[in-house]
file protein.cif (mmCIF, C-alpha atoms and all ligand atoms)
data_final
loop_
_atom_site.label_atom_id
_atom_site.label_comp_id
_atom_site.auth_asym_id
_atom_site.auth_seq_id
_atom_site.Cartn_x
_atom_site.Cartn_y
_atom_site.Cartn_z
CA MET A 1 -37.16 2.77 -71.17
CA ALA A 2 -36.35 -0.94 -70.99
CA LEU A 3 -33.52 -2.19 -73.17
CA ALA A 4 -34.48 -4.52 -76.03
CA PRO A 5 -33.39 -8.10 -75.17
CA GLU A 6 -31.17 -8.18 -78.25
CA ARG A 7 -29.16 -5.33 -76.72
CA ILE A 8 -28.64 -7.41 -73.57
CA VAL A 9 -28.00 -10.94 -74.83
CA GLY A 10 -27.01 -10.21 -78.44
CA GLN A 11 -28.30 -11.85 -81.62
CA GLU A 12 -26.17 -14.90 -80.84
CA LEU A 13 -28.33 -15.93 -77.86
CA ILE A 14 -31.66 -14.31 -78.61
CA ASP A 15 -33.36 -17.62 -79.46
CA ILE A 16 -32.33 -19.01 -76.06
CA TYR A 17 -33.53 -15.81 -74.39
CA ARG A 18 -36.96 -16.27 -76.04
CA LYS A 19 -37.19 -19.77 -74.58
CA VAL A 20 -36.12 -18.61 -71.11
CA GLU A 21 -38.62 -15.77 -71.24
CA VAL A 22 -41.57 -18.18 -71.61
CA GLY A 23 -40.12 -20.98 -69.48
CA GLU A 24 -39.47 -23.35 -72.37
CA ARG A 25 -37.06 -26.20 -71.65
CA LEU A 26 -33.57 -25.77 -73.10
CA SER A 27 -31.96 -28.45 -75.25
CA ALA A 28 -28.51 -30.03 -74.88
CA GLU A 29 -27.40 -27.92 -77.84
CA ASP A 30 -28.56 -24.76 -76.04
CA GLY A 31 -26.59 -25.87 -72.97
CA LEU A 32 -23.46 -26.27 -75.03
CA ARG A 33 -23.86 -22.81 -76.53
CA LEU A 34 -24.27 -21.36 -73.03
CA TYR A 35 -20.95 -22.98 -72.09
CA GLU A 36 -19.21 -21.79 -75.25
CA THR A 37 -20.32 -18.18 -75.59
CA LYS A 38 -17.91 -15.49 -74.40
CA ASN A 39 -20.89 -13.39 -73.36
CA LEU A 40 -21.06 -14.53 -69.74
CA THR A 41 -23.10 -11.46 -68.81
CA ALA A 42 -25.88 -12.63 -71.13
CA VAL A 43 -25.85 -16.12 -69.60
CA GLY A 44 -25.97 -14.61 -66.10
CA TYR A 45 -28.75 -12.23 -67.09
CA MET A 46 -30.94 -15.08 -68.29
CA ALA A 47 -30.11 -17.22 -65.22
CA ASN A 48 -31.05 -14.29 -63.01
CA MET A 49 -34.42 -14.00 -64.78
CA VAL A 50 -35.17 -17.59 -63.75
CA ARG A 51 -33.77 -17.09 -60.26
CA GLU A 52 -35.92 -14.02 -59.65
CA ARG A 53 -39.01 -15.62 -61.19
CA LEU A 54 -38.69 -18.48 -58.67
CA HIS A 55 -37.39 -16.69 -55.59
CA GLY A 56 -37.31 -12.93 -56.10
CA LYS A 57 -34.52 -11.58 -53.89
CA ARG A 58 -34.81 -14.37 -51.34
CA THR A 59 -31.50 -16.08 -50.57
CA TYR A 60 -31.40 -19.14 -48.37
CA PHE A 61 -28.95 -20.49 -45.83
CA VAL A 62 -29.04 -23.09 -43.09
CA ARG A 63 -27.47 -23.44 -39.64
CA ASN A 64 -25.46 -26.52 -40.32
CA GLN A 65 -22.56 -28.57 -39.07
CA HIS A 66 -20.46 -30.86 -41.23
CA ILE A 67 -18.96 -34.04 -39.78
CA ASN A 68 -16.46 -35.90 -41.95
CA TYR A 69 -16.29 -39.04 -39.81
CA THR A 70 -13.26 -40.71 -41.45
CA ASN A 71 -10.68 -39.88 -44.10
CA ILE A 72 -9.57 -43.48 -44.56
CA CYS A 73 -10.66 -44.55 -48.03
CA ASN A 74 -9.92 -47.35 -50.45
CA LYS A 75 -11.16 -45.61 -53.61
CA PHE A 76 -8.11 -43.37 -54.34
CA CYS A 77 -9.93 -40.86 -56.55
CA LYS A 78 -7.40 -38.73 -58.41
CA PHE A 79 -9.17 -35.43 -57.70
CA CYS A 80 -9.41 -36.02 -53.94
CA SER A 81 -7.24 -34.22 -51.37
CA PHE A 82 -9.23 -35.48 -48.41
CA TYR A 83 -8.31 -39.15 -48.07
CA ALA A 84 -5.29 -40.18 -46.00
CA LYS A 85 -2.25 -40.99 -48.13
CA LYS A 86 1.52 -40.73 -48.04
CA GLY A 87 2.43 -37.06 -47.82
CA GLY A 88 -1.24 -36.18 -47.28
CA PRO A 89 -3.48 -35.82 -44.25
CA ASP A 90 -3.06 -38.20 -41.30
CA PRO A 91 -5.63 -40.99 -41.17
CA TYR A 92 -8.49 -40.65 -38.71
CA GLU A 93 -11.69 -42.43 -37.84
CA MET A 94 -14.08 -40.78 -35.36
CA SER A 95 -15.56 -42.85 -32.61
CA ILE A 96 -19.23 -42.29 -31.92
CA GLU A 97 -18.17 -40.57 -28.70
CA GLU A 98 -15.99 -38.17 -30.72
CA VAL A 99 -18.95 -37.38 -32.97
CA ARG A 100 -21.05 -36.75 -29.87
CA ARG A 101 -18.37 -34.40 -28.53
CA ARG A 102 -18.31 -32.41 -31.79
CA LEU A 103 -22.08 -32.12 -31.80
CA ASP A 104 -21.93 -30.85 -28.22
CA TRP A 105 -19.38 -28.19 -29.20
CA HIS A 106 -21.85 -26.37 -31.43
CA LYS A 107 -25.04 -26.91 -29.47
CA HIS A 108 -25.20 -23.20 -28.65
CA VAL A 109 -25.44 -22.36 -32.39
CA ASP A 110 -28.81 -24.14 -32.60
CA ILE A 111 -27.75 -26.28 -35.55
CA THR A 112 -30.72 -27.47 -37.63
CA GLU A 113 -28.81 -29.70 -40.09
CA VAL A 114 -25.95 -32.15 -39.60
CA HIS A 115 -24.24 -33.11 -42.85
CA MET A 116 -22.12 -36.27 -42.59
CA VAL A 117 -19.96 -37.83 -45.29
CA GLY A 118 -16.65 -39.65 -45.16
CA GLY A 119 -14.23 -41.95 -46.95
CA ILE A 120 -14.94 -45.57 -47.82
CA ASN A 121 -13.30 -47.11 -44.80
CA PRO A 122 -13.52 -50.91 -44.94
CA ARG A 123 -12.97 -51.24 -41.18
CA LEU A 124 -16.24 -49.58 -40.21
CA PRO A 125 -19.05 -52.06 -39.48
CA TYR A 126 -22.69 -51.73 -40.61
CA GLN A 127 -23.76 -50.73 -37.13
CA TYR A 128 -21.37 -47.75 -37.07
CA TYR A 129 -23.41 -45.90 -39.71
CA MET A 130 -26.65 -46.50 -37.81
CA ASP A 131 -24.98 -45.23 -34.63
CA LEU A 132 -23.80 -42.09 -36.44
CA CYS A 133 -27.42 -41.22 -37.27
CA ARG A 134 -28.62 -42.16 -33.79
CA VAL A 135 -26.09 -40.03 -31.96
CA VAL A 136 -27.14 -36.93 -33.92
CA LYS A 137 -30.77 -37.49 -32.96
CA GLU A 138 -29.78 -38.06 -29.35
CA VAL A 139 -27.76 -34.85 -29.07
CA LEU A 140 -29.84 -32.69 -31.43
CA PRO A 141 -33.30 -34.26 -31.61
CA ASN A 142 -34.62 -31.58 -33.97
CA ALA A 143 -31.69 -31.58 -36.38
CA HIS A 144 -32.05 -32.95 -39.90
CA VAL A 145 -29.55 -35.70 -40.71
CA LYS A 146 -28.26 -35.28 -44.27
CA ALA A 147 -25.70 -38.02 -44.76
CA PHE A 148 -23.88 -40.48 -47.02
CA THR A 149 -23.24 -40.27 -50.73
CA ALA A 150 -24.41 -43.09 -52.97
CA VAL A 151 -20.86 -44.49 -52.78
CA GLU A 152 -21.16 -44.74 -49.00
CA ILE A 153 -24.64 -46.27 -49.28
CA GLU A 154 -23.16 -48.99 -51.48
CA GLN A 155 -20.39 -49.60 -48.94
CA ILE A 156 -22.89 -49.73 -46.07
CA ALA A 157 -25.11 -52.17 -47.98
CA ASN A 158 -22.11 -54.38 -48.81
CA LYS A 159 -21.02 -54.36 -45.17
CA GLY A 160 -24.48 -55.41 -44.02
CA GLY A 161 -24.94 -57.92 -46.84
CA VAL A 162 -28.22 -56.19 -47.73
CA THR A 163 -29.68 -54.33 -50.70
CA HIS A 164 -29.33 -50.57 -51.13
CA GLU A 165 -32.98 -50.24 -50.26
CA GLN A 166 -32.66 -52.23 -47.04
CA ALA A 167 -29.58 -50.28 -45.97
CA LEU A 168 -31.46 -47.04 -46.59
CA ARG A 169 -34.46 -48.34 -44.63
CA ASP A 170 -32.25 -49.19 -41.65
CA LEU A 171 -30.54 -45.80 -41.84
CA VAL A 172 -33.89 -44.00 -41.96
CA GLU A 173 -35.00 -45.94 -38.90
CA ALA A 174 -31.81 -44.82 -37.16
CA GLY A 175 -32.44 -41.16 -38.04
CA LEU A 176 -31.32 -40.46 -41.63
CA ASP A 177 -33.46 -37.75 -43.23
CA SER A 178 -31.90 -37.12 -46.66
CA LEU A 179 -29.00 -37.92 -49.02
CA PRO A 180 -26.54 -35.14 -49.92
CA GLY A 181 -26.17 -36.49 -53.45
CA GLY A 182 -22.43 -36.24 -54.06
CA GLY A 183 -20.13 -39.08 -54.99
CA ILE A 184 -20.70 -39.32 -58.73
CA GLU A 185 -18.75 -36.11 -59.52
CA ILE A 186 -19.81 -36.15 -63.16
CA LEU A 187 -22.00 -38.64 -64.97
CA SER A 188 -19.49 -39.65 -67.63
CA ASP A 189 -18.10 -43.16 -68.12
CA ARG A 190 -14.88 -41.70 -69.52
CA VAL A 191 -14.20 -39.43 -66.53
CA HIS A 192 -15.25 -42.21 -64.18
CA ARG A 193 -12.72 -44.57 -65.76
CA GLU A 194 -9.93 -42.00 -65.73
CA LEU A 195 -10.39 -40.36 -62.35
CA PHE A 196 -12.42 -42.50 -59.99
CA GLY A 197 -12.75 -45.95 -61.51
CA LYS A 198 -12.73 -47.76 -58.15
CA LYS A 199 -15.95 -46.24 -56.96
CA LEU A 200 -19.54 -46.52 -58.01
CA GLY A 201 -20.31 -45.45 -61.61
CA GLY A 202 -23.26 -43.53 -63.04
CA ASP A 203 -25.69 -46.45 -63.23
CA GLY A 204 -24.98 -47.40 -59.62
CA TRP A 205 -25.39 -43.80 -58.48
CA LYS A 206 -28.76 -43.57 -60.21
CA SER A 207 -29.83 -46.89 -58.77
CA VAL A 208 -29.18 -45.61 -55.22
CA ALA A 209 -31.02 -42.35 -56.03
CA ARG A 210 -34.01 -44.34 -57.30
CA ALA A 211 -34.01 -46.59 -54.22
CA ALA A 212 -33.95 -43.48 -52.00
CA SER A 213 -36.82 -41.97 -53.99
CA ARG A 214 -38.92 -45.09 -53.51
CA LEU A 215 -38.53 -44.55 -49.77
CA GLY A 216 -39.53 -40.90 -50.16
CA LEU A 217 -36.12 -39.57 -49.14
CA THR A 218 -35.28 -36.00 -50.05
CA GLN A 219 -32.08 -35.73 -52.10
CA TYR A 220 -29.66 -33.12 -53.33
CA ALA A 221 -27.39 -33.31 -56.38
CA THR A 222 -23.97 -31.96 -57.32
CA MET A 223 -21.47 -31.76 -60.21
CA LEU A 224 -17.70 -31.52 -59.77
CA TYR A 225 -16.34 -29.43 -62.66
CA GLY A 226 -13.00 -27.99 -63.69
CA HIS A 227 -10.84 -31.16 -63.90
CA ILE A 228 -10.72 -33.18 -67.13
CA GLU A 229 -14.38 -33.05 -68.12
CA THR A 230 -15.52 -31.41 -71.37
CA ALA A 231 -18.40 -28.96 -71.83
CA GLU A 232 -20.33 -31.77 -73.56
CA GLU A 233 -19.89 -33.96 -70.49
CA ARG A 234 -21.12 -31.17 -68.20
CA VAL A 235 -24.21 -30.68 -70.34
CA SER A 236 -24.79 -34.43 -70.43
CA HIS A 237 -24.54 -34.53 -66.61
CA LEU A 238 -27.17 -31.79 -66.30
CA MET A 239 -29.46 -33.48 -68.82
CA GLN A 240 -29.20 -36.83 -67.00
CA LEU A 241 -30.03 -35.16 -63.67
CA ARG A 242 -32.96 -33.36 -65.25
CA GLU A 243 -34.33 -36.66 -66.58
CA LEU A 244 -33.84 -38.34 -63.20
CA GLN A 245 -35.65 -35.47 -61.51
CA ASP A 246 -38.54 -35.75 -64.00
CA GLU A 247 -38.78 -39.38 -62.96
CA THR A 248 -38.22 -39.17 -59.18
CA LYS A 249 -39.08 -35.58 -58.18
CA HIS A 250 -37.06 -35.96 -54.98
CA PHE A 251 -34.18 -33.54 -55.61
CA VAL A 252 -34.55 -30.15 -53.94
CA CYS A 253 -31.28 -28.44 -54.75
CA PHE A 254 -28.33 -28.65 -57.14
CA THR A 255 -24.79 -27.54 -56.29
CA PRO A 256 -22.06 -27.12 -58.93
CA LEU A 257 -18.80 -27.88 -57.08
CA SER A 258 -15.64 -26.12 -58.18
CA PHE A 259 -12.60 -28.42 -58.39
CA HIS A 260 -9.66 -27.43 -56.18
CA PRO A 261 -6.48 -29.13 -57.46
CA GLU A 262 -4.29 -28.40 -54.39
CA LYS A 263 -2.84 -31.60 -52.90
CA THR A 264 -4.54 -33.90 -55.42
CA GLU A 265 -3.04 -36.07 -58.16
CA LEU A 266 -4.26 -33.41 -60.60
CA GLU A 267 -2.25 -30.61 -59.02
CA ASP A 268 -0.94 -29.46 -62.42
CA ILE A 269 -4.43 -28.39 -63.49
CA LYS A 270 -4.80 -24.62 -63.15
CA PRO A 271 -7.16 -23.45 -60.37
CA LEU A 272 -10.51 -22.25 -61.67
CA THR A 273 -11.42 -18.62 -62.14
CA GLY A 274 -14.55 -16.81 -60.99
CA TYR A 275 -15.55 -16.63 -64.65
CA VAL A 276 -15.81 -20.43 -64.82
CA ASP A 277 -17.59 -20.70 -61.46
CA LEU A 278 -20.22 -18.11 -62.35
CA ARG A 279 -20.84 -19.75 -65.70
CA ASN A 280 -21.43 -23.16 -64.12
CA ILE A 281 -23.91 -21.69 -61.67
CA ALA A 282 -25.73 -19.81 -64.42
CA VAL A 283 -25.86 -22.71 -66.89
CA SER A 284 -27.09 -25.04 -64.13
CA ARG A 285 -29.91 -22.62 -63.30
CA LEU A 286 -30.93 -22.44 -66.94
CA MET A 287 -30.72 -26.17 -67.75
CA LEU A 288 -32.20 -27.58 -64.52
CA ASP A 289 -35.69 -26.19 -64.90
CA ASN A 290 -37.10 -28.83 -62.54
CA PHE A 291 -34.72 -28.09 -59.63
CA GLU A 292 -36.10 -25.44 -57.34
CA HIS A 293 -32.79 -24.33 -55.83
CA ILE A 294 -29.25 -23.72 -57.10
CA LYS A 295 -26.52 -23.34 -54.52
CA SER A 296 -23.24 -21.45 -54.52
CA PHE A 297 -21.33 -23.36 -51.83
CA TRP A 298 -19.49 -20.42 -50.28
CA ILE A 299 -16.69 -22.52 -48.79
CA MET A 300 -15.61 -23.62 -52.27
CA ASN A 301 -16.56 -20.44 -54.13
CA THR A 302 -15.58 -17.92 -51.39
CA PRO A 303 -18.10 -15.49 -49.87
CA GLU A 304 -17.06 -12.80 -52.36
CA LEU A 305 -17.80 -14.87 -55.47
CA THR A 306 -20.98 -16.15 -53.85
CA GLN A 307 -22.22 -12.57 -53.61
CA ALA A 308 -21.86 -12.26 -57.40
CA ALA A 309 -23.36 -15.74 -57.89
CA LEU A 310 -26.57 -14.49 -56.26
CA TRP A 311 -27.04 -12.50 -59.49
CA TYR A 312 -26.02 -15.43 -61.75
CA GLY A 313 -28.71 -17.92 -60.81
CA ALA A 314 -27.87 -19.02 -57.25
CA ASP A 315 -30.48 -18.58 -54.54
CA ASP A 316 -28.73 -20.57 -51.79
CA THR A 317 -25.33 -20.21 -50.12
CA ASP A 318 -25.27 -23.45 -48.05
CA GLY A 319 -24.88 -22.47 -44.42
CA LEU A 320 -22.85 -21.42 -41.44
CA VAL A 321 -20.82 -24.70 -41.75
CA HIS A 322 -18.49 -25.85 -39.03
CA GLU A 323 -15.49 -28.13 -39.56
CA TYR A 324 -15.73 -28.97 -43.22
CA GLU A 325 -12.62 -30.97 -44.13
CA ILE A 326 -13.20 -32.30 -47.65
CA THR A 327 -11.61 -29.64 -49.87
CA TYR A 328 -9.25 -28.09 -47.34
CA LYS A 329 -9.08 -27.58 -43.61
CA GLU A 330 -9.39 -24.21 -41.95
CA GLY A 331 -6.01 -22.49 -42.18
CA GLU A 332 -4.84 -24.39 -45.29
CA PHE A 333 -4.20 -22.63 -48.60
CA GLY A 334 -4.37 -19.04 -47.36
CA ASN A 335 -6.38 -19.43 -44.17
CA LYS A 336 -9.73 -19.88 -45.86
CA LYS A 337 -12.66 -19.66 -43.48
CA GLN A 338 -14.79 -22.66 -42.53
CA ALA A 339 -17.57 -20.92 -40.65
CA LEU A 340 -19.61 -17.74 -40.86
CA THR A 341 -21.65 -16.32 -38.02
CA TYR A 342 -25.35 -15.77 -38.55
CA THR A 343 -24.72 -12.02 -38.59
CA ASN A 344 -21.91 -12.27 -41.16
CA MET A 345 -23.97 -14.52 -43.40
CA CYS A 346 -26.89 -12.08 -43.35
CA ALA A 347 -24.55 -9.13 -43.96
CA MET A 348 -22.89 -10.90 -46.90
CA ILE A 349 -26.28 -11.56 -48.53
CA ARG A 350 -27.65 -8.08 -47.80
CA GLU A 351 -24.53 -6.39 -49.19
CA ALA A 352 -25.23 -8.20 -52.47
CA GLY A 353 -28.73 -6.67 -52.55
CA ARG A 354 -30.54 -9.89 -51.63
CA VAL A 355 -32.75 -10.85 -48.70
CA PRO A 356 -31.33 -13.47 -46.30
CA ILE A 357 -33.74 -16.24 -45.32
CA GLU A 358 -32.73 -18.85 -42.79
CA ARG A 359 -34.19 -22.17 -43.85
CA ASP A 360 -34.27 -25.73 -42.63
CA SER A 361 -33.02 -28.58 -44.82
CA LEU A 362 -36.34 -28.80 -46.68
CA TYR A 363 -36.47 -25.05 -47.35
CA HIS A 364 -39.03 -24.13 -44.73
CA GLU A 365 -38.31 -20.64 -43.54
CA ILE A 366 -37.11 -20.34 -39.95
CA LYS A 367 -38.01 -17.11 -38.22
CA ARG A 368 -35.94 -16.01 -35.26
CA ASP A 369 -36.20 -13.25 -32.78
CA PRO A 370 -33.59 -10.76 -34.09
CA GLU A 371 -32.84 -9.79 -30.50
CA ALA A 372 -31.86 -13.35 -29.65
CA MET A 373 -30.25 -14.88 -32.73
CA SER A 374 -29.33 -18.06 -30.93
CA GLY A 375 -32.83 -18.43 -29.48
CA LYS A 376 -35.23 -21.19 -30.32
CA PRO A 377 -36.34 -21.16 -33.96
CA THR A 378 -39.99 -20.87 -34.85
CA ARG A 379 -40.66 -22.77 -38.04
CA GLN A 380 -43.04 -21.20 -40.43
CA LEU A 381 -45.01 -23.92 -42.16
CA THR A 382 -44.83 -22.78 -45.74
CA PRO A 383 -42.98 -25.60 -47.50
CA LEU A 384 -41.65 -24.87 -50.95
CA SER A 385 -42.62 -27.83 -53.08
CA VAL A 386 -40.23 -29.84 -55.22
CA MET A 387 -40.83 -28.83 -58.80
CA GLY A 388 -41.42 -31.04 -61.77
S1 LIG B 1 -13.64 -38.67 -53.22
FE1 LIG B 1 -14.52 -39.92 -51.59
S2 LIG B 1 -14.38 -42.00 -52.39
FE2 LIG B 1 -12.94 -40.78 -53.59
S3 LIG B 1 -10.97 -40.97 -52.53
FE3 LIG B 1 -11.98 -39.11 -51.74
S4 LIG B 1 -13.05 -39.82 -49.92
FE4 LIG B 1 -12.58 -41.63 -51.13
#
call {"tool": "encode", "arguments": {"input": "protein.cif", "output": "structure tokens", "more": "lines below"}}
Ligand code: SF4
result
Amino acid sequence: MALAPERIVGQELIDIYRKVEVGERLSAEDGLRLYETKNLTAVGYMANMVRERLHGKRTYFVRNQHINYTNICNKFCKFCSFYAKKGGPDPYEMSIEEVRRRLDWHKHVDITEVHMVGGINPRLPYQYYMDLCRVVKEVLPNAHVKAFTAVEIEQIANKGGVTHEQALRDLVEAGLDSLPGGGIEILSDRVHRELFGKKLGGDGWKSVARAASRLGLTQYATMLYGHIETAEERVSHLMQLRELQDETKHFVCFTPLSFHPEKTELEDIKPLTGYVDLRNIAVSRLMLDNFEHIKSFWIMNTPELTQAALWYGADDTDGLVHEYEITYKEGEFGNKKQALTYTNMCAMIREAGRVPIERDSLYHEIKRDPEAMSGKPTRQLTPLSVMG
């Protein structure tokens, strides 16, 4: 006999459960209660209802490669461990030939997505960014180029002396396929002022997102949590993204990003717990009713927590990922892994009771011959539409 919902979510959250049950949009006040309740199991249960309604057991991942082309940056964000600074990582700037070499390294993996972001390096000319896109298409003609946060788009536009829209047009002509959506961290003027005042603020970030939407570019969105933001600011971020998605309909996936304080100016903040990470995934799933996918980025959350997150609202794990350098490098902070094999990714998802689905960047399923995992992909043309 099925348990009464009150037994599962308690009287405290039963009104929210009733809304979730019929697909009614949650309010900012509901979002705040979901952040404040101690009953994380109830929040996860409701998020899983939405996750299974949309995707059943299907869990997506992509064969991707990250390229962080420079760590030289003039924005000095307090939460950032990536940019080159005294006592921090050595400065680097990849030549286009170096990028080509890195793409060649992983050719055998049959990468379908190349994700490129970097610091705001004033020495790089306009043409460099176009060449970055071009070299990917030269080496991997079928790969999807997901590149540049709104902060980088502003830098590129400034370098070229053109509008955001023109810079995006030139990048698309050179091979850009989508924007990864990061850069704003959290849409709060207070946090912006206190932690990353030198880079683009919320209005600028939205203006780039709107310009990209006008060009029909697919976009992704993120939220960096666990630093100085409040629960109200997290809810406000989610509400602003939901409104922007109602307007633009070009976001396909949302990723809550867990803050890692190691080697940042905020090192005295305590590292986050799995309890906080699972809650952020679950609340995102519940509040962002017009985002089709919610991702648990396994590099930040660990594969183990990601397995649990697949029952707390997440339906995507990111991908195989090679050479991600933003949060930490492979070997730093306890030898955390930077890449999973196809087999390990599928095993991780299956162990959690979910069904692994390899996808491309736009969530088309990619079927492969199980006997030849590195063989040519056959794309199945069943696109999952952007909701809203
Ligand atoms: S978060 Fe980005 S913009 Fe800020 S310091 Fe780091 S690399 Fe630069």
call {"tool": "closest_residue", "arguments": {"input": "protein.cif", "among": "A:Ala314, A:Cys80, A:Ala167, A:Val139", "to": "ligand LIG 1 (chain B)", "atoms": "all atoms listed in the file"}}
result
A:Cys80
call {"tool": "residues_near_ligand", "arguments": {"input": "protein.cif", "ligand": "ligand LIG 1 (chain B)", "cutoff": "6 Å", "atoms": "all atoms listed in the file", "output": "PyMOL selection string"}}
result
chain A and resi 73+75-77+80+82-83+118-120
call {"tool": "write_last_selection", "arguments": {"input": "protein.cif", "atoms": "C-alpha atoms", "output": "PDB file, in the coordinates of the input"}}
result
ATOM      1  CA  CYS A  73     -10.660 -44.550 -48.030  1.00  0.00           C
ATOM      2  CA  LYS A  75     -11.160 -45.610 -53.610  1.00  0.00           C
ATOM      3  CA  PHE A  76      -8.110 -43.370 -54.340  1.00  0.00           C
ATOM      4  CA  CYS A  77      -9.930 -40.860 -56.550  1.00  0.00           C
ATOM      5  CA  CYS A  80      -9.410 -36.020 -53.940  1.00  0.00           C
ATOM      6  CA  PHE A  82      -9.230 -35.480 -48.410  1.00  0.00           C
ATOM      7  CA  TYR A  83      -8.310 -39.150 -48.070  1.00  0.00           C
ATOM      8  CA  GLY A 118     -16.650 -39.650 -45.160  1.00  0.00           C
ATOM      9  CA  GLY A 119     -14.230 -41.950 -46.950  1.00  0.00           C
ATOM     10  CA  ILE A 120     -14.940 -45.570 -47.820  1.00  0.00           C
TER      11      ILE A 120
END
call {"tool": "residues_near_point", "arguments": {"input": "protein.cif", "point": "(-35.3, -19.9, -48.7)", "cutoff": "10 Å", "atoms": "all atoms listed in the file", "output": "ChimeraX atom specification"}}
result
/A:55,57-62,293,315-316,355-366,383-384
call {"tool": "atom_distance", "arguments": {"input": "protein.cif", "atom1": "CA of Leu40 in chain A", "atom2": "CA of Arg279 in chain A"}}
result
6.6 Å
call {"tool": "closest_residue", "arguments": {"input": "protein.cif", "among": "A:Leu179, A:Val22, A:Thr112, A:Thr264", "to": "Val321 in chain A", "atoms": "only C-alpha atoms"}}
result
A:Thr112
call {"tool": "closest_residue", "arguments": {"input": "protein.cif", "among": "A:Asn68, A:Ser188, A:Asn344, A:Ser207", "to": "Tyr92 in chain A", "atoms": "all atoms listed in the file"}}
result
A:Asn68
call {"tool": "closest_residue", "arguments": {"input": "protein.cif", "among": "A:Asp15, A:Glu265, A:Glu29, A:Glu113", "to": "Ser236 in chain A", "atoms": "only C-alpha atoms"}}
result
A:Glu29
call {"tool": "decode", "arguments": {"input": "protein.cif", "residues": "range 341-345 of chain A", "atoms": "all heavy atoms", "output": "PDB file, in the first residue's frame"}}
result
ATOM      1  N   THR A 341      36.322   6.905 -17.635  1.00  0.00           N
ATOM      2  CA  THR A 341      36.160   6.223 -18.915  1.00  0.00           C
ATOM      3  C   THR A 341      34.664   6.047 -19.167  1.00  0.00           C
ATOM      4  O   THR A 341      33.842   6.143 -18.241  1.00  0.00           O
ATOM      5  CB  THR A 341      36.807   4.832 -18.887  1.00  0.00           C
ATOM      6  OG1 THR A 341      36.121   4.050 -17.908  1.00  0.00           O
ATOM      7  CG2 THR A 341      38.289   4.903 -18.564  1.00  0.00           C
ATOM      8  N   TYR A 342      34.350   5.754 -20.388  1.00  0.00           N
ATOM      9  CA  TYR A 342      32.955   5.492 -20.771  1.00  0.00           C
ATOM     10  C   TYR A 342      32.389   4.371 -19.889  1.00  0.00           C
ATOM     11  O   TYR A 342      31.280   4.481 -19.347  1.00  0.00           O
ATOM     12  CB  TYR A 342      32.959   5.073 -22.246  1.00  0.00           C
ATOM     13  CG  TYR A 342      31.605   4.847 -22.854  1.00  0.00           C
ATOM     14  CD1 TYR A 342      30.984   5.847 -23.598  1.00  0.00           C
ATOM     15  CD2 TYR A 342      30.946   3.633 -22.721  1.00  0.00           C
ATOM     16  CE1 TYR A 342      29.745   5.636 -24.179  1.00  0.00           C
ATOM     17  CE2 TYR A 342      29.706   3.414 -23.289  1.00  0.00           C
ATOM     18  CZ  TYR A 342      29.115   4.421 -24.018  1.00  0.00           C
ATOM     19  OH  TYR A 342      27.884   4.205 -24.589  1.00  0.00           O
ATOM     20  N   THR A 343      33.192   3.322 -19.725  1.00  0.00           N
ATOM     21  CA  THR A 343      32.735   2.166 -18.948  1.00  0.00           C
ATOM     22  C   THR A 343      32.499   2.543 -17.486  1.00  0.00           C
ATOM     23  O   THR A 343      31.495   2.153 -16.884  1.00  0.00           O
ATOM     24  CB  THR A 343      33.803   1.045 -19.024  1.00  0.00           C
ATOM     25  OG1 THR A 343      34.115   0.869 -20.403  1.00  0.00           O
ATOM     26  CG2 THR A 343      33.316  -0.248 -18.430  1.00  0.00           C
ATOM     27  N   ASN A 344      33.418   3.329 -16.908  1.00  0.00           N
ATOM     28  CA  ASN A 344      33.247   3.730 -15.506  1.00  0.00           C
ATOM     29  C   ASN A 344      32.036   4.640 -15.322  1.00  0.00           C
ATOM     30  O   ASN A 344      31.332   4.556 -14.311  1.00  0.00           O
ATOM     31  CB  ASN A 344      34.500   4.454 -14.990  1.00  0.00           C
ATOM     32  CG  ASN A 344      35.640   3.497 -14.767  1.00  0.00           C
ATOM     33  OD1 ASN A 344      35.429   2.300 -14.719  1.00  0.00           O
ATOM     34  ND2 ASN A 344      36.851   4.015 -14.654  1.00  0.00           N
ATOM     35  N   MET A 345      31.835   5.530 -16.286  1.00  0.00           N
ATOM     36  CA  MET A 345      30.672   6.420 -16.195  1.00  0.00           C
ATOM     37  C   MET A 345      29.387   5.604 -16.206  1.00  0.00           C
ATOM     38  O   MET A 345      28.488   5.802 -15.373  1.00  0.00           O
ATOM     39  CB  MET A 345      30.693   7.413 -17.372  1.00  0.00           C
ATOM     40  CG  MET A 345      29.470   8.294 -17.483  1.00  0.00           C
ATOM     41  SD  MET A 345      29.237   9.419 -16.091  1.00  0.00           S
ATOM     42  CE  MET A 345      30.273  10.794 -16.586  1.00  0.00           C
TER      43      MET A 345
END
